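Trainee: What follows is the file work.cif, containing mmCIF, C-alpha atoms:
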```cif
data_target
loop_
_atom_site.group_PDB
_atom_site.id
_atom_site.type_symbol
_atom_site.label_atom_id
_atom_site.label_comp_id
_atom_site.auth_asym_id
_atom_site.auth_seq_id
_atom_site.Cartn_x
_atom_site.Cartn_y
_atom_site.Cartn_z
ATOM 1 C CA MET A 23 60.109 111.576 113.839
ATOM 2 C CA LYS A 24 56.352 111.688 113.945
ATOM 3 C CA ARG A 25 55.073 115.149 113.200
ATOM 4 C CA SER A 26 52.894 116.739 115.874
ATOM 5 C CA ASN A 27 49.389 117.870 114.912
ATOM 6 C CA ALA A 28 49.485 120.561 117.624
ATOM 7 C CA PRO A 29 50.453 123.454 115.272
ATOM 8 C CA ILE A 30 47.264 122.927 113.222
ATOM 9 C CA PHE A 31 45.001 123.267 116.258
ATOM 10 C CA TRP A 32 47.088 126.124 117.575
ATOM 11 C CA LEU A 33 46.839 127.943 114.251
ATOM 12 C CA LEU A 34 43.041 127.517 114.184
ATOM 13 C CA PHE A 35 42.904 128.714 117.812
ATOM 14 C CA GLY A 36 44.989 131.767 116.929
ATOM 15 C CA ALA A 37 43.048 132.599 113.768
ATOM 16 C CA GLY A 38 39.699 132.297 115.557
ATOM 17 C CA GLY A 39 40.979 134.268 118.539
ATOM 18 C CA MET A 40 42.235 137.066 116.290
ATOM 19 C CA LEU A 41 39.052 137.181 114.199
ATOM 20 C CA SER A 42 36.830 137.244 117.295
ATOM 21 C CA ALA A 43 39.028 139.872 118.971
ATOM 22 C CA LEU A 44 38.834 142.080 115.869
ATOM 23 C CA ILE A 45 35.137 141.839 114.941
ATOM 24 C CA GLY A 46 33.365 139.554 117.449
ATOM 25 C CA ALA A 47 31.777 142.343 119.502
ATOM 26 C CA ALA A 48 30.636 144.160 116.321
ATOM 27 C CA LEU A 49 29.027 140.950 115.028
ATOM 28 C CA VAL A 50 27.182 140.322 118.319
ATOM 29 C CA TRP A 51 25.916 143.897 118.189
ATOM 30 C CA ILE A 52 24.698 143.476 114.587
ATOM 31 C CA THR A 53 23.092 140.014 114.793
ATOM 32 C CA GLY A 54 21.890 140.295 118.403
ATOM 33 C CA PHE A 55 20.613 143.876 118.560
ATOM 34 C CA ALA A 56 20.878 146.021 115.428
ATOM 35 C CA ALA A 57 19.326 143.645 112.882
ATOM 36 C CA PRO A 58 16.497 142.023 114.926
ATOM 37 C CA LEU A 59 15.492 145.284 116.662
ATOM 38 C CA GLY A 60 16.132 147.571 113.684
ATOM 39 C CA ILE A 61 18.598 149.839 115.533
ATOM 40 C CA GLY A 62 20.662 151.772 112.993
ATOM 41 C CA LEU A 63 19.655 149.297 110.291
ATOM 42 C CA PRO A 64 16.421 149.272 108.257
ATOM 43 C CA SER A 65 13.713 147.267 110.051
ATOM 44 C CA GLU A 66 13.379 144.876 107.077
ATOM 45 C CA ALA A 67 17.146 144.104 107.151
ATOM 46 C CA ALA A 68 16.494 140.878 109.072
ATOM 47 C CA SER A 69 13.543 139.760 106.911
ATOM 48 C CA TYR A 70 13.547 136.225 105.494
ATOM 49 C CA ALA A 71 13.890 137.406 101.877
ATOM 50 C CA ASN A 72 16.793 139.755 102.623
ATOM 51 C CA VAL A 73 18.820 137.350 104.763
ATOM 52 C CA LEU A 74 18.241 134.507 102.279
ATOM 53 C CA ALA A 75 19.364 136.729 99.383
ATOM 54 C CA LEU A 76 22.515 137.657 101.338
ATOM 55 C CA LEU A 77 23.393 134.036 102.033
ATOM 56 C CA GLN A 78 23.017 133.089 98.382
ATOM 57 C CA ALA A 79 26.105 135.171 97.578
ATOM 58 C CA TRP A 80 29.387 133.227 97.694
ATOM 59 C CA PRO A 81 31.488 135.897 99.457
ATOM 60 C CA ILE A 82 28.904 136.047 102.270
ATOM 61 C CA LYS A 83 28.748 132.233 102.519
ATOM 62 C CA LEU A 84 32.537 132.136 102.852
ATOM 63 C CA ALA A 85 32.558 134.899 105.476
ATOM 64 C CA VAL A 86 29.842 133.165 107.537
ATOM 65 C CA LEU A 87 31.665 129.829 107.310
ATOM 66 C CA LEU A 88 34.936 131.445 108.418
ATOM 67 C CA VAL A 89 33.297 133.176 111.388
ATOM 68 C CA ILE A 90 31.347 130.156 112.643
ATOM 69 C CA SER A 91 34.078 127.540 112.103
ATOM 70 C CA LEU A 92 37.018 129.610 113.377
ATOM 71 C CA PHE A 93 35.017 130.704 116.452
ATOM 72 C CA LEU A 94 34.245 127.022 117.122
ATOM 73 C CA TRP A 95 37.883 125.879 116.686
ATOM 74 C CA HIS A 96 39.136 128.739 118.842
ATOM 75 C CA SER A 97 36.781 127.965 121.717
ATOM 76 C CA ALA A 98 37.272 124.186 121.413
ATOM 77 C CA HIS A 99 41.042 124.548 121.807
ATOM 78 C CA ARG A 100 40.751 126.994 124.685
ATOM 79 C CA ILE A 101 38.120 124.974 126.552
ATOM 80 C CA PHE A 102 40.168 121.792 126.037
ATOM 81 C CA HIS A 103 43.269 123.342 127.630
ATOM 82 C CA THR A 104 41.313 125.005 130.448
ATOM 83 C CA LEU A 105 39.709 121.649 131.351
ATOM 84 C CA HIS A 106 43.249 120.518 132.147
ATOM 85 C CA ASP A 107 43.707 123.532 134.442
ATOM 86 C CA LEU A 108 40.477 122.551 136.204
ATOM 87 C CA GLY A 109 41.890 119.107 136.930
ATOM 88 C CA ILE A 110 40.056 117.241 134.190
ATOM 89 C CA HIS A 111 42.626 115.086 132.498
ATOM 90 C CA ALA A 112 43.279 116.210 128.935
ATOM 91 C CA GLY A 113 42.744 112.718 127.574
ATOM 92 C CA MET A 114 41.317 111.334 124.395
ATOM 93 C CA LEU A 115 37.679 111.756 125.525
ATOM 94 C CA ALA A 116 38.067 115.479 126.280
ATOM 95 C CA ARG A 117 39.968 115.887 123.020
ATOM 96 C CA LEU A 118 37.268 114.115 121.007
ATOM 97 C CA LEU A 119 34.454 116.097 122.648
ATOM 98 C CA CYS A 120 36.103 119.490 122.141
ATOM 99 C CA TYR A 121 37.596 119.153 118.677
ATOM 100 C CA GLY A 122 34.839 116.769 117.557
ATOM 101 C CA ALA A 123 32.202 119.401 118.391
ATOM 102 C CA ALA A 124 34.121 121.982 116.338
ATOM 103 C CA LEU A 125 34.425 119.534 113.440
ATOM 104 C CA VAL A 126 30.712 118.626 113.508
ATOM 105 C CA GLY A 127 29.756 122.314 113.768
ATOM 106 C CA THR A 128 31.923 123.154 110.756
ATOM 107 C CA ALA A 129 30.421 120.304 108.723
ATOM 108 C CA VAL A 130 26.829 121.270 109.624
ATOM 109 C CA CYS A 131 27.586 124.885 108.708
ATOM 110 C CA MET A 132 28.946 123.837 105.292
ATOM 111 C CA VAL A 133 25.923 121.622 104.550
ATOM 112 C CA VAL A 134 23.392 124.306 105.566
ATOM 113 C CA LEU A 135 25.185 127.055 103.626
ATOM 114 C CA GLY A 136 25.142 124.742 100.583
ATOM 115 C CA GLN A 137 21.315 124.711 100.728
ATOM 116 C CA PHE A 138 20.986 128.435 100.041
ATOM 117 C CA VAL A 139 21.097 128.524 96.248
ATOM 118 C CA MET B 11 45.872 99.398 140.502
ATOM 119 C CA SER B 12 47.642 100.194 143.723
ATOM 120 C CA LEU B 13 45.742 99.715 146.957
ATOM 121 C CA ARG B 14 47.906 102.299 148.722
ATOM 122 C CA ARG B 15 46.005 105.299 147.395
ATOM 123 C CA PRO B 16 48.698 107.942 147.953
ATOM 124 C CA TYR B 17 47.525 111.411 148.969
ATOM 125 C CA ARG B 18 46.614 113.663 146.080
ATOM 126 C CA ARG B 19 45.927 117.316 146.575
ATOM 127 C CA SER B 20 42.517 118.319 145.260
ATOM 128 C CA MET B 21 42.489 120.709 142.294
ATOM 129 C CA ALA B 22 39.073 122.130 143.171
ATOM 130 C CA GLY B 23 39.127 125.924 143.156
ATOM 131 C CA TRP B 24 42.940 126.328 143.277
ATOM 132 C CA TRP B 25 42.725 129.352 141.014
ATOM 133 C CA ARG B 26 40.391 131.233 143.351
ATOM 134 C CA LYS B 27 43.207 131.780 145.835
ATOM 135 C CA ASN B 28 45.195 134.078 143.569
ATOM 136 C CA PRO B 29 43.773 137.151 141.739
ATOM 137 C CA TYR B 30 46.151 136.513 138.819
ATOM 138 C CA PHE B 31 44.609 133.107 138.194
ATOM 139 C CA VAL B 32 41.067 134.404 138.749
ATOM 140 C CA GLU B 33 41.685 136.807 135.855
ATOM 141 C CA TYR B 34 43.235 133.958 133.879
ATOM 142 C CA MET B 35 40.115 131.823 134.343
ATOM 143 C CA ILE B 36 37.839 134.721 133.345
ATOM 144 C CA HIS B 37 39.758 135.394 130.141
ATOM 145 C CA GLU B 38 39.880 131.683 129.335
ATOM 146 C CA GLY B 39 36.143 131.619 130.101
ATOM 147 C CA THR B 40 35.442 134.020 127.238
ATOM 148 C CA ALA B 41 35.832 130.913 125.044
ATOM 149 C CA LEU B 42 32.369 129.882 126.324
ATOM 150 C CA CYS B 43 30.957 133.154 124.933
ATOM 151 C CA VAL B 44 32.695 132.590 121.591
ATOM 152 C CA ALA B 45 31.355 129.017 121.421
ATOM 153 C CA ALA B 46 27.823 130.080 122.418
ATOM 154 C CA TYR B 47 27.778 132.819 119.784
ATOM 155 C CA ALA B 48 28.978 130.458 117.027
ATOM 156 C CA LEU B 49 26.174 128.033 117.992
ATOM 157 C CA ILE B 50 23.592 130.863 117.963
ATOM 158 C CA LEU B 51 24.672 131.829 114.432
ATOM 159 C CA LEU B 52 24.482 128.175 113.396
ATOM 160 C CA ALA B 53 20.974 127.851 114.893
ATOM 161 C CA GLY B 54 19.951 130.947 112.920
ATOM 162 C CA LEU B 55 21.243 129.387 109.694
ATOM 163 C CA LEU B 56 19.295 126.191 110.423
ATOM 164 C CA ALA B 57 16.112 128.240 111.019
ATOM 165 C CA LEU B 58 16.648 130.053 107.720
ATOM 166 C CA ALA B 59 17.074 126.727 105.909
ATOM 167 C CA ARG B 60 13.731 125.498 107.317
ATOM 168 C CA GLY B 61 11.791 128.288 105.659
ATOM 169 C CA GLU B 62 10.093 131.591 106.332
ATOM 170 C CA ALA B 63 7.905 130.501 109.266
ATOM 171 C CA ALA B 64 10.899 129.046 111.136
ATOM 172 C CA TRP B 65 12.935 132.187 110.414
ATOM 173 C CA ASP B 66 10.181 134.459 111.770
ATOM 174 C CA GLN B 67 10.040 132.327 114.927
ATOM 175 C CA TRP B 68 13.803 132.709 115.239
ATOM 176 C CA LEU B 69 13.480 136.500 114.896
ATOM 177 C CA THR B 70 10.795 136.564 117.620
ATOM 178 C CA LEU B 71 13.164 134.573 119.824
ATOM 179 C CA LEU B 72 16.027 137.003 119.102
ATOM 180 C CA ARG B 73 13.795 139.923 120.150
ATOM 181 C CA SER B 74 12.827 138.300 123.477
ATOM 182 C CA THR B 75 14.230 139.576 126.767
ATOM 183 C CA PRO B 76 16.246 136.409 127.585
ATOM 184 C CA SER B 77 17.919 136.586 124.172
ATOM 185 C CA LEU B 78 18.742 140.274 124.567
ATOM 186 C CA LEU B 79 20.176 139.629 128.041
ATOM 187 C CA LEU B 80 22.237 136.727 126.686
ATOM 188 C CA HIS B 81 23.531 138.848 123.823
ATOM 189 C CA GLY B 82 24.411 141.612 126.298
ATOM 190 C CA LEU B 83 26.457 139.078 128.253
ATOM 191 C CA LEU B 84 28.068 137.821 125.033
ATOM 192 C CA LEU B 85 28.907 141.397 124.054
ATOM 193 C CA LEU B 86 30.713 141.919 127.367
ATOM 194 C CA GLY B 87 32.521 138.580 126.925
ATOM 195 C CA PHE B 88 33.709 139.483 123.427
ATOM 196 C CA LEU B 89 34.860 142.955 124.530
ATOM 197 C CA TYR B 90 36.815 141.406 127.398
ATOM 198 C CA HIS B 91 38.244 138.794 125.012
ATOM 199 C CA SER B 92 39.469 141.575 122.653
ATOM 200 C CA TRP B 93 41.003 143.469 125.543
ATOM 201 C CA THR B 94 42.897 140.471 126.967
ATOM 202 C CA TRP B 95 43.788 139.041 123.521
ATOM 203 C CA PHE B 96 45.682 142.183 122.559
ATOM 204 C CA HIS B 97 47.260 142.504 126.011
ATOM 205 C CA ILE B 98 48.611 138.961 125.817
ATOM 206 C CA MET B 99 49.721 139.423 122.193
ATOM 207 C CA PRO B 100 53.133 141.035 122.972
ATOM 208 C CA ARG B 101 54.044 137.841 124.868
ATOM 209 C CA THR B 102 52.957 135.511 122.066
ATOM 210 C CA LEU B 103 54.664 137.376 119.202
ATOM 211 C CA PRO B 104 58.367 137.022 118.398
ATOM 212 C CA PRO B 105 60.302 140.227 119.248
ATOM 213 C CA ILE B 106 59.718 142.905 116.595
ATOM 214 C CA ARG B 107 62.482 145.447 115.952
ATOM 215 C CA LEU B 108 61.853 148.818 114.366
ATOM 216 C CA GLY B 109 64.898 151.026 113.701
ATOM 217 C CA GLY B 110 67.106 149.003 116.059
ATOM 218 C CA GLU B 111 64.699 149.295 118.999
ATOM 219 C CA ARG B 112 62.410 146.592 120.210
ATOM 220 C CA LEU B 113 58.726 147.444 119.786
ATOM 221 C CA SER B 114 57.270 147.932 123.271
ATOM 222 C CA ALA B 115 54.482 145.744 124.610
ATOM 223 C CA ALA B 116 52.213 148.784 124.977
ATOM 224 C CA THR B 117 52.696 149.721 121.301
ATOM 225 C CA ILE B 118 51.732 146.202 120.146
ATOM 226 C CA SER B 119 48.649 146.089 122.413
ATOM 227 C CA ASN B 120 47.488 149.544 121.391
ATOM 228 C CA ALA B 121 47.988 148.778 117.691
ATOM 229 C CA GLY B 122 45.849 145.651 118.150
ATOM 230 C CA LEU B 123 43.075 147.551 119.941
ATOM 231 C CA ILE B 124 43.075 150.268 117.260
ATOM 232 C CA ALA B 125 42.938 147.567 114.563
ATOM 233 C CA ALA B 126 39.925 146.025 116.353
ATOM 234 C CA LEU B 127 38.195 149.408 116.463
ATOM 235 C CA LEU B 128 38.824 150.016 112.740
ATOM 236 C CA ALA B 129 37.720 146.480 111.811
ATOM 237 C CA SER B 130 34.512 146.903 113.853
ATOM 238 C CA VAL B 131 33.710 150.208 112.106
ATOM 239 C CA LEU B 132 34.364 148.493 108.768
ATOM 240 C CA VAL B 133 32.022 145.582 109.643
ATOM 241 C CA TRP B 134 29.309 147.999 110.758
ATOM 242 C CA GLY B 135 29.693 149.997 107.526
ATOM 243 C CA LEU B 136 29.461 146.774 105.534
ATOM 244 C CA ALA B 137 26.311 145.748 107.448
ATOM 245 C CA MET B 138 24.676 149.100 106.693
ATOM 246 C CA ARG B 139 25.552 148.787 102.987
ATOM 247 C CA LEU B 140 24.302 145.213 102.748
ATOM 248 C CA ALA B 141 21.077 146.075 104.569
ATOM 249 C CA SER B 142 20.139 149.025 102.371
#
```
Please lay out the structure from this file as structure tokens.
Mentor:
Amino acid sequence: MKRSNAPIFWLLFGAGGMLSALIGAALVWITGFAAPLGIGLPSEAASYANVLALLQAWPIKLAVLLVISLFLWHSAHRIFHTLHDLGIHAGMLARLLCYGAALVGTAVCMVVLGQFV
Amino acid sequence: MSLRRPYRRSMAGWWRKNPYFVEYMIHEGTALCVAAYALILLAGLLALARGEAAWDQWLTLLRSTPSLLLHGLLLLGFLYHSWTWFHIMPRTLPPIRLGGERLSAATISNAGLIAALLASVLVWGLAMRLAS
């Protein structure tokens, strides 16, 4: 019997959904308000030198990669299945666009993170 | 292809007729917020990789009113996602038994929401430590 690849996508959906449910709102608050506006954080927290220094550390690189890629895989899976509910056939094109976007986003993220040395 | 063209009911807006499915579409729609936020973070990384001038432009953009409004919307989307995620969780988990009794749905949801609160405090504490 041919093994289904559905559990992989479902697992990524679940992991991304859990991560975003646990810390998503806190991250939006930090990167969207606290850091750029200096609310509760030092005003130089978002400076080029500081953010670059942060992203040169491997644990931070890994955390950023996990957040961006899992968020992308979670939303790709959910959007793909909701397209079906909206009457757009869940065919190969929709599949390629949704999961392909998540794959490209993950690859771009890895390449860019690799540049901060 | 058949020339008979049998009648097919349109799927346009079917979910708007039932409040249950309206809520369903809204909580599924939070995926758009999650996707948008991941792309914003990725755009920020790309700006950082292009150097200091590009990063400062990115910061100016983040401080603009449209960006703050968008982030406010994203914040609401993520909060709603957390809320629905942990309310659906009892139905997606296998039954959990503690001392012979099945763990109630409310206990699972509340534990999830408390975990989210603790994790958010932890992330904020980490951000403050990393920024100082």
Trainee: Could you tell me how far CA of Ser119 (chain B) lies from CA of Leu132 (chain B), in Å and to one decimal?
Mentor: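 We find that CA of Ser119 (chain B) and CA of Leu132 (chain B) lie 19.9 Å from each other.
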Trainee: Select, from B:Ile124, B:Glu38, B:Leu58, B:Gln67, the residue with the minimum atom-to-atom distance to Ser97 (chain A), counting all atoms listed in the file.
Mentor: B:Glu38
Trainee: Decode the PyMOL selection byres ((chain B and resi 97-107) around 10) for the given file into explicit residues and return them as a PDB file with C-alpha atoms, in the coordinates of the input.
Mentor:
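This went into result.pdb:
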```
ATOM      1  CA  MET A  40      42.235 137.066 116.290  1.00  0.00           C
TER       2      MET A  40
ATOM      3  CA  HIS B  91      38.244 138.794 125.012  1.00  0.00           C
ATOM      4  CA  SER B  92      39.469 141.575 122.653  1.00  0.00           C
ATOM      5  CA  TRP B  93      41.003 143.469 125.543  1.00  0.00           C
ATOM      6  CA  THR B  94      42.897 140.471 126.967  1.00  0.00           C
ATOM      7  CA  TRP B  95      43.788 139.041 123.521  1.00  0.00           C
ATOM      8  CA  PHE B  96      45.682 142.183 122.559  1.00  0.00           C
ATOM      9  CA  LEU B 108      61.853 148.818 114.366  1.00  0.00           C
ATOM     10  CA  GLY B 109      64.898 151.026 113.701  1.00  0.00           C
ATOM     11  CA  GLY B 110      67.106 149.003 116.059  1.00  0.00           C
ATOM     12  CA  GLU B 111      64.699 149.295 118.999  1.00  0.00           C
ATOM     13  CA  ARG B 112      62.410 146.592 120.210  1.00  0.00           C
ATOM     14  CA  LEU B 113      58.726 147.444 119.786  1.00  0.00           C
ATOM     15  CA  SER B 114      57.270 147.932 123.271  1.00  0.00           C
ATOM     16  CA  ALA B 115      54.482 145.744 124.610  1.00  0.00           C
ATOM     17  CA  ALA B 116      52.213 148.784 124.977  1.00  0.00           C
ATOM     18  CA  THR B 117      52.696 149.721 121.301  1.00  0.00           C
ATOM     19  CA  ILE B 118      51.732 146.202 120.146  1.00  0.00           C
ATOM     20  CA  SER B 119      48.649 146.089 122.413  1.00  0.00           C
ATOM     21  CA  ASN B 120      47.488 149.544 121.391  1.00  0.00           C
ATOM     22  CA  GLY B 122      45.849 145.651 118.150  1.00  0.00           C
ATOM     23  CA  LEU B 123      43.075 147.551 119.941  1.00  0.00           C
TER      24      LEU B 123
END
```
Trainee: Select, as a JSON list (two decimals) with C-alpha atoms, in the coordinates of the input, those residues of chain B with any atom no more than 6 Å from chain A (distances computed using all atoms listed in the file).
Mentor:
```
[["chain", "number", "residue", "atom", "x", "y", "z"],
["B", 21, "MET", "CA", 42.49, 120.71, 142.29],
["B", 41, "ALA", "CA", 35.83, 130.91, 125.04],
["B", 44, "VAL", "CA", 32.70, 132.59, 121.59],
["B", 45, "ALA", "CA", 31.36, 129.02, 121.42],
["B", 48, "ALA", "CA", 28.98, 130.46, 117.03],
["B", 62, "GLU", "CA", 10.09, 131.59, 106.33],
["B", 81, "HIS", "CA", 23.53, 138.85, 123.82],
["B", 85, "LEU", "CA", 28.91, 141.40, 124.05],
["B", 88, "PHE", "CA", 33.71, 139.48, 123.43],
["B", 89, "LEU", "CA", 34.86, 142.96, 124.53],
["B", 92, "SER", "CA", 39.47, 141.57, 122.65],
["B", 126, "ALA", "CA", 39.92, 146.02, 116.35],
["B", 130, "SER", "CA", 34.51, 146.90, 113.85],
["B", 141, "ALA", "CA", 21.08, 146.07, 104.57]]
```
Trainee: Could the centre and edge lengths of an axis-aligned box, enclosing all atoms of region 98-113 of chain A in the file with 5 Å extra on each side, be given in Å to one decimal as lines of an AutoDock Vina configuration file?
Mentor:
```
center_x = 40.5
center_y = 119.9
center_z = 129.2
size_x = 16.4
size_y = 24.3
size_z = 25.5
```
Trainee: Work out how far CA of Gly39 (chain B) is from CA of Arg19 (chain B), in Å to one decimal.
Mentor: 23.9 Å
Trainee: Could you tell me how far CA of Tyr47 (chain B) sits from CA of Met132 (chain A), in Å to one decimal place?
Mentor: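 It comes out at 17.1 Å.
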Trainee: In terms of the shortest atom-to-atom distance over only C-alpha atoms, which of A:Ile61, A:Ala28, A:Ala37, A:Ala129 is closest to Met138 (chain B)?
Mentor: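 Nearest candidate to Met138 (chain B) out of A:Ile61, A:Ala28, A:Ala37, A:Ala129: A:Ile61.
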